[in-house]
Structure formats: structure tokens, C-alpha cells
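J.: Quick one: the structure is below, and I'll ask about it shortly.
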Amino acid sequence: MQRIEPRIGRSKLGASAIAACAFVALFAARAPAQRGLLLQGIFDAEGWASSATSNLLTRNRGNVAGLGRLQAWGAIEPLPSLVLYAQGEVEFGSGSATSNAKPQSEQFGIRYGRNERFVLDAGRITPVIWTFAGRHFSTRNPLIGSPDGYSIEYPYGIKLSGEATHADYRVALVSLPTTHVNYQPSPTARLRPAVGFGVTPIVGLRIGASFTAGPYLNSGLDSVLPTTTPWADYDQRLAAVDFTFSRGYLETHAEGARGSYDVPGRASPITGFTYYGEAKYTLSPRFYVAARVERNKYPFIRRTTTAWIARLTDFVDGEAGVGVRLTSTTLLKGSYLADRWWVGPGAPGFRGQGGHAFAIQLSQAFDVMGMLERNTPYR
């Protein structure tokens, strides 16, 4: 089956996703020889030393900090071509950007697919917009940080996707817009279309695009909106492009998005953009170097006690690092991160005009089914 590559924000269903993975583990332990079972995961240990003046990078108020993170995903195939899956995460420690040690769901649902050209997913699914979700796990992310434009909110929905030799597509109805929790209000679930496609003209080169449109506010704001215009009439329109090129020991990725938002009390929409470029170069089978640069000038929209705020968040950030593969399942990374902001001191959460951080990360991947099979005596 296709590897589950998910992420979502905090949810009461987090414990349910972890429990689903545990159920798969129990089932797998009782039937190690049965096909159609999967239980894998990653444990990350990180250390951070950051300045206290970065709106993006500061951890533990600028003091040395650490964190642990466990991600686990499981799947079972009760019938041919039908897969049930779940993935969850728990993160803890003073270095956590979320300060939330509760389990959280990231993805769960049902998948039907007889071949790669036709795959149907229903449940909590990966976003259709952007492609970084497929590389956010520490074993696939060449660096420690993630692009700020990457949304951690994975929606409920139904998605049809597929791929052929030179093209791929995804068409979905999803419950949430692709927004940033720090820049726009928490949205109320409302079905909206989302589409994406890509072409691969030559081996190693892929060019893609995606689009979604629909409401982005929440129903609790109706009391502070004009009586003639309910919350669902204020739309977000988001178009994104993505680019991947690999040749030899070089691997590159780039993505960009342009978002337009209707704002209460504003005659015209506010429009902004975000993009990043990333490169990884493998120097030897165990050692690589990588870098990422991001530019973000994206709408910040909030309701204060007296009025609506709508302005552009303006900053640039970057990260450079090295990775060493200690074993086939163990990866050690070190990074230097920095950012520069052009935001007035009155902005919510303002810490300063920028800062930096040093980070180190040790990732250990595991495969429960593989371990069980290796420890099962031959009969």
C-alpha cells in the first residue's frame, strides 16, 4: 500500500488514532505471518538553543530546550484492495512549539484502490494543496524545521487520486480550508472542492499545481459580522504550484502559493503569497547537506474587540544543515535556522524582528511487523 504521510492539529480524536494503531499492533502480534498488516513509526529526540527574539524559531523563551516525539501509523487490509489505516503523534518537552503533550490524530480512514490509477480515500486525509505533507516525517525531511506555509490542519473528506507514467491527479471534497492557525481564525468545517495535478515530462522532473476555494471563517463570528453577510459568504481562494527536480546526488523541491481572502468591512480582498525552495545533496551513502529558504508575505486576519485586522505578515527564514545516516533506520541531523521579520511591534505574539536557533535531531524508525517476522521461528 501507499505509505501514510499525514499531519493535523490538536484534536479530541488523537487518542482514538493512537488506540487504532495499538489495535493494529495487537492484531499484528497475534498474526505475524498474515499478510496485509502494517505497523511502523518514528521516535525523534531533539535539542534546541534559540534566541528569544524570533516570532518563528524561539523555543522555551530562548532557553536550551529538548523534546521527544513519537509518530506511529498502522494499517490492515481485511479485503483485497480495501485498507483501514490510522496515524497518530504525541510530542512532549520544553522544546515543543505547541506546548501540548496530548496525543493527536493525524490521519485515519479507509482506502480503496485496485491500482495506482484509481485510489479512493475517505476519512481524515492529507491536504490536496501543497506537497510537503509527503515529506514532513523526520526520516524524509532533510532538515529539522518545516516551511511555515505548510498547513498542519488535515481535513475530513473524500479524495480520488491516481498516477500514471507521466501524470498524477487528486480531486477531493474537504471540510477545511488550507489556512495557517497563526494567521487566520480557526475555521468552521464546511465542504469545499480541492483539486491538484502534476506532470512528469522526464524522469526526475515533476511540475504540479493545485487550487481550492470556499469559506475560511467560523460560525462563532456571526455576531460581529454585518447582518446581511453571514460567515460562510467570506471566501478564501488559494492557488499553489510545486516543482521537484532530482538528478544524480541532487534533489530539489520548490512550492509557492497565492491566497486571496474576503475580509469583513474591507471593500476588496486581501492577497498575499508564500514560497520556499529546498535542496539536498548527498556526498556519500551516509552523509548529506541540505538547505531551505522561505519567503512569506501572507494575509494576517483577526477580529479584535473593536474592528477587523487585515494586513500582510512579512518575513523570510532559512535553514541549513547536515545529516548522517548512522544505520539504515537511524538518522542524525544538525541545523542552523534564522529568520528576519518586517512586522510592527504591535502585532499579536510579537517577540522581535528576527532571531536564530541551533537544533539537533536523532530519528529512529521502527517496523513492528518486520521485528515480529524476524523473531518468529521457522516452522
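Letters A, B, ... mark the chains of the C-alpha cells in the order given; residue numbers begin at 1 per chain; ligand numbers begin at 1, in order shown.
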Run DSSP on the backbone and grab whatever in segment 251-342 of chain A lands in strand (DSSP E or B); send it over as number ranges by chain.

T.: A: 251-261, 270-284, 287-303, 308-327, 330-341

J.: What separation in Å, quoted to one decimal, exists between atom CA of Arg135 of chain A and atom CA of Asp44 of chain A?

T.: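 That distance, rounded to one decimal, is 15.1 Å.
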
J.: Could you give me, as a list in words, the residues within 10 Å of Phe366 of chain A, counting only C-alpha atoms and dropping anything in the same chain fewer than 5 positions from it?

T.: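 Surrounding residues, per the criterion: Leu39, Gln40, Gly41, Ile42, Phe43, Ala72, Thr329, Thr330 and Met371 of chain A.
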
J.: Please dump the current selection as a PDB file, in the first residue's frame; keep N, CA, C and O atoms.

T.:
```pdb
ATOM      1  N   LEU A  39       2.545  -1.876  10.792  1.00  0.00           N
ATOM      2  CA  LEU A  39       2.680  -1.013  11.958  1.00  0.00           C
ATOM      3  C   LEU A  39       4.113  -0.491  11.979  1.00  0.00           C
ATOM      4  O   LEU A  39       5.066  -1.242  12.182  1.00  0.00           O
ATOM      5  N   GLN A  40       4.246   0.796  11.738  1.00  0.00           N
ATOM      6  CA  GLN A  40       5.549   1.439  11.682  1.00  0.00           C
ATOM      7  C   GLN A  40       5.508   2.736  12.474  1.00  0.00           C
ATOM      8  O   GLN A  40       4.442   3.205  12.877  1.00  0.00           O
ATOM      9  N   GLY A  41       6.662   3.327  12.679  1.00  0.00           N
ATOM     10  CA  GLY A  41       6.698   4.592  13.373  1.00  0.00           C
ATOM     11  C   GLY A  41       8.092   5.169  13.444  1.00  0.00           C
ATOM     12  O   GLY A  41       9.059   4.589  12.935  1.00  0.00           O
ATOM     13  N   ILE A  42       8.169   6.324  14.076  1.00  0.00           N
ATOM     14  CA  ILE A  42       9.437   7.050  14.230  1.00  0.00           C
ATOM     15  C   ILE A  42       9.451   7.670  15.618  1.00  0.00           C
ATOM     16  O   ILE A  42       8.456   8.261  16.054  1.00  0.00           O
ATOM     17  N   PHE A  43      10.588   7.545  16.292  1.00  0.00           N
ATOM     18  CA  PHE A  43      10.795   8.292  17.523  1.00  0.00           C
ATOM     19  C   PHE A  43      11.880   9.335  17.286  1.00  0.00           C
ATOM     20  O   PHE A  43      12.962   9.018  16.797  1.00  0.00           O
ATOM     21  N   ALA A  72       3.306   7.114  15.037  1.00  0.00           N
ATOM     22  CA  ALA A  72       3.045   5.713  14.709  1.00  0.00           C
ATOM     23  C   ALA A  72       1.874   5.630  13.753  1.00  0.00           C
ATOM     24  O   ALA A  72       0.915   6.390  13.863  1.00  0.00           O
ATOM     25  N   THR A 329      18.102   2.619   9.806  1.00  0.00           N
ATOM     26  CA  THR A 329      16.886   3.150  10.429  1.00  0.00           C
ATOM     27  C   THR A 329      17.160   4.316  11.380  1.00  0.00           C
ATOM     28  O   THR A 329      16.233   4.793  12.036  1.00  0.00           O
ATOM     29  N   THR A 330      18.392   4.780  11.472  1.00  0.00           N
ATOM     30  CA  THR A 330      18.754   5.843  12.414  1.00  0.00           C
ATOM     31  C   THR A 330      19.397   7.002  11.680  1.00  0.00           C
ATOM     32  O   THR A 330      20.367   6.820  10.937  1.00  0.00           O
ATOM     33  N   MET A 371      10.025  -6.700  12.824  1.00  0.00           N
ATOM     34  CA  MET A 371      10.667  -7.289  14.002  1.00  0.00           C
ATOM     35  C   MET A 371      10.005  -8.600  14.389  1.00  0.00           C
ATOM     36  O   MET A 371      10.679  -9.569  14.771  1.00  0.00           O
TER      37      MET A 371
END
```

J.: Quick one: contact table of segment 38-154 of chain A to segment 247-264 of chain A, 10 Å max, nearest atom pair and distance in Å to one decimal per residue, counting only C-alpha atoms, chain and number order, as CSV?

T.:
```
residue,atom,partner,partner_atom,distance
A:Ile129,CA,A:Ala257,CA,9.0
A:Trp130,CA,A:Glu255,CA,7.1
A:Thr131,CA,A:Glu255,CA,8.0
A:Phe132,CA,A:Glu255,CA,8.6
A:Pro147,CA,A:Glu255,CA,9.7
A:Gly149,CA,A:Ala257,CA,8.5
A:Tyr150,CA,A:Glu255,CA,9.9
```

J.: Env of Gln71 of chain A: 12 Å cut, atoms = only C-alpha atoms, seq-sep filter 2 positions within chain, self excluded. Answer as number ranges by chain.

T.: A: 4-7, 14, 17-18, 21, 39-45, 68-69, 73-74, 86-92, 103-107, 136-139, 363-367

J.: Run DSSP on the backbone and grab whatever in segment 19-244 of chain A lands in helix (DSSP H, G or I); send it over as JSON, numbers by chain.

T.: {"A": [19, 20, 21, 22, 23, 24, 25, 26, 27, 28, 29, 30, 60, 61, 62, 132, 133, 134, 135, 219, 220, 221, 222, 223, 224, 231, 232, 233]}

J.: Could you list, as a VMD selection string, every residue within 10 Å of Gly162 of chain A, counting only C-alpha atoms and ignoring same-chain residues fewer than 3 positions away?

T.: chain A and resid 113 115 to 120 167 to 171 197

J.: Name all residues at most 12 Å from Arg286 of chain A (count only C-alpha atoms; drop same-chain ones fewer than 6 positions away) and give them as a list in words.

T.: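 Returned residues: Val322, Gly323, Val324, Arg325, Leu326, Thr327, Ser328, Thr329, Thr330, Leu331, Leu332 and Lys333 of chain A.
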
J.: Can you write just those residues out, C-alpha atoms, as an mmCIF file, in the first residue's frame?

T.:
```cif
data_model
loop_
_atom_site.group_PDB
_atom_site.id
_atom_site.type_symbol
_atom_site.label_atom_id
_atom_site.label_comp_id
_atom_site.auth_asym_id
_atom_site.auth_seq_id
_atom_site.Cartn_x
_atom_site.Cartn_y
_atom_site.Cartn_z
ATOM 1 C CA VAL A 322 23.785 18.216 7.636
ATOM 2 C CA GLY A 323 22.537 14.662 8.005
ATOM 3 C CA VAL A 324 24.377 11.468 8.898
ATOM 4 C CA ARG A 325 22.725 8.067 8.489
ATOM 5 C CA LEU A 326 24.112 6.046 11.393
ATOM 6 C CA THR A 327 22.228 2.888 10.421
ATOM 7 C CA SER A 328 19.520 2.017 7.893
ATOM 8 C CA THR A 329 16.886 3.150 10.429
ATOM 9 C CA THR A 330 18.754 5.843 12.414
ATOM 10 C CA LEU A 331 19.336 9.394 11.187
ATOM 11 C CA LEU A 332 21.213 12.197 12.979
ATOM 12 C CA LYS A 333 20.758 15.815 11.811
#
```

J.: Work out how far apart atom CA of Pro127 of chain A and atom CA of Tyr85 of chain A are and give it in Å to one decimal.

T.: 16.4 Å

J.: At what distance in Å, to one decimal, does atom CA of Ala209 of chain A lie from atom CA of Asp242 of chain A?

T.: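 Between these atoms lies a distance of 6.1 Å.
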
J.: List as a PyMOL selection string the protein and nucleic acid residues near Ala357 of chain A, meaning an atom at most 12 Å away when only C-alpha atoms are counted, but skip any in the same chain fewer than 6 places from it.

T.: chain A and resi 47-65+95+144-145+317-321+334-339
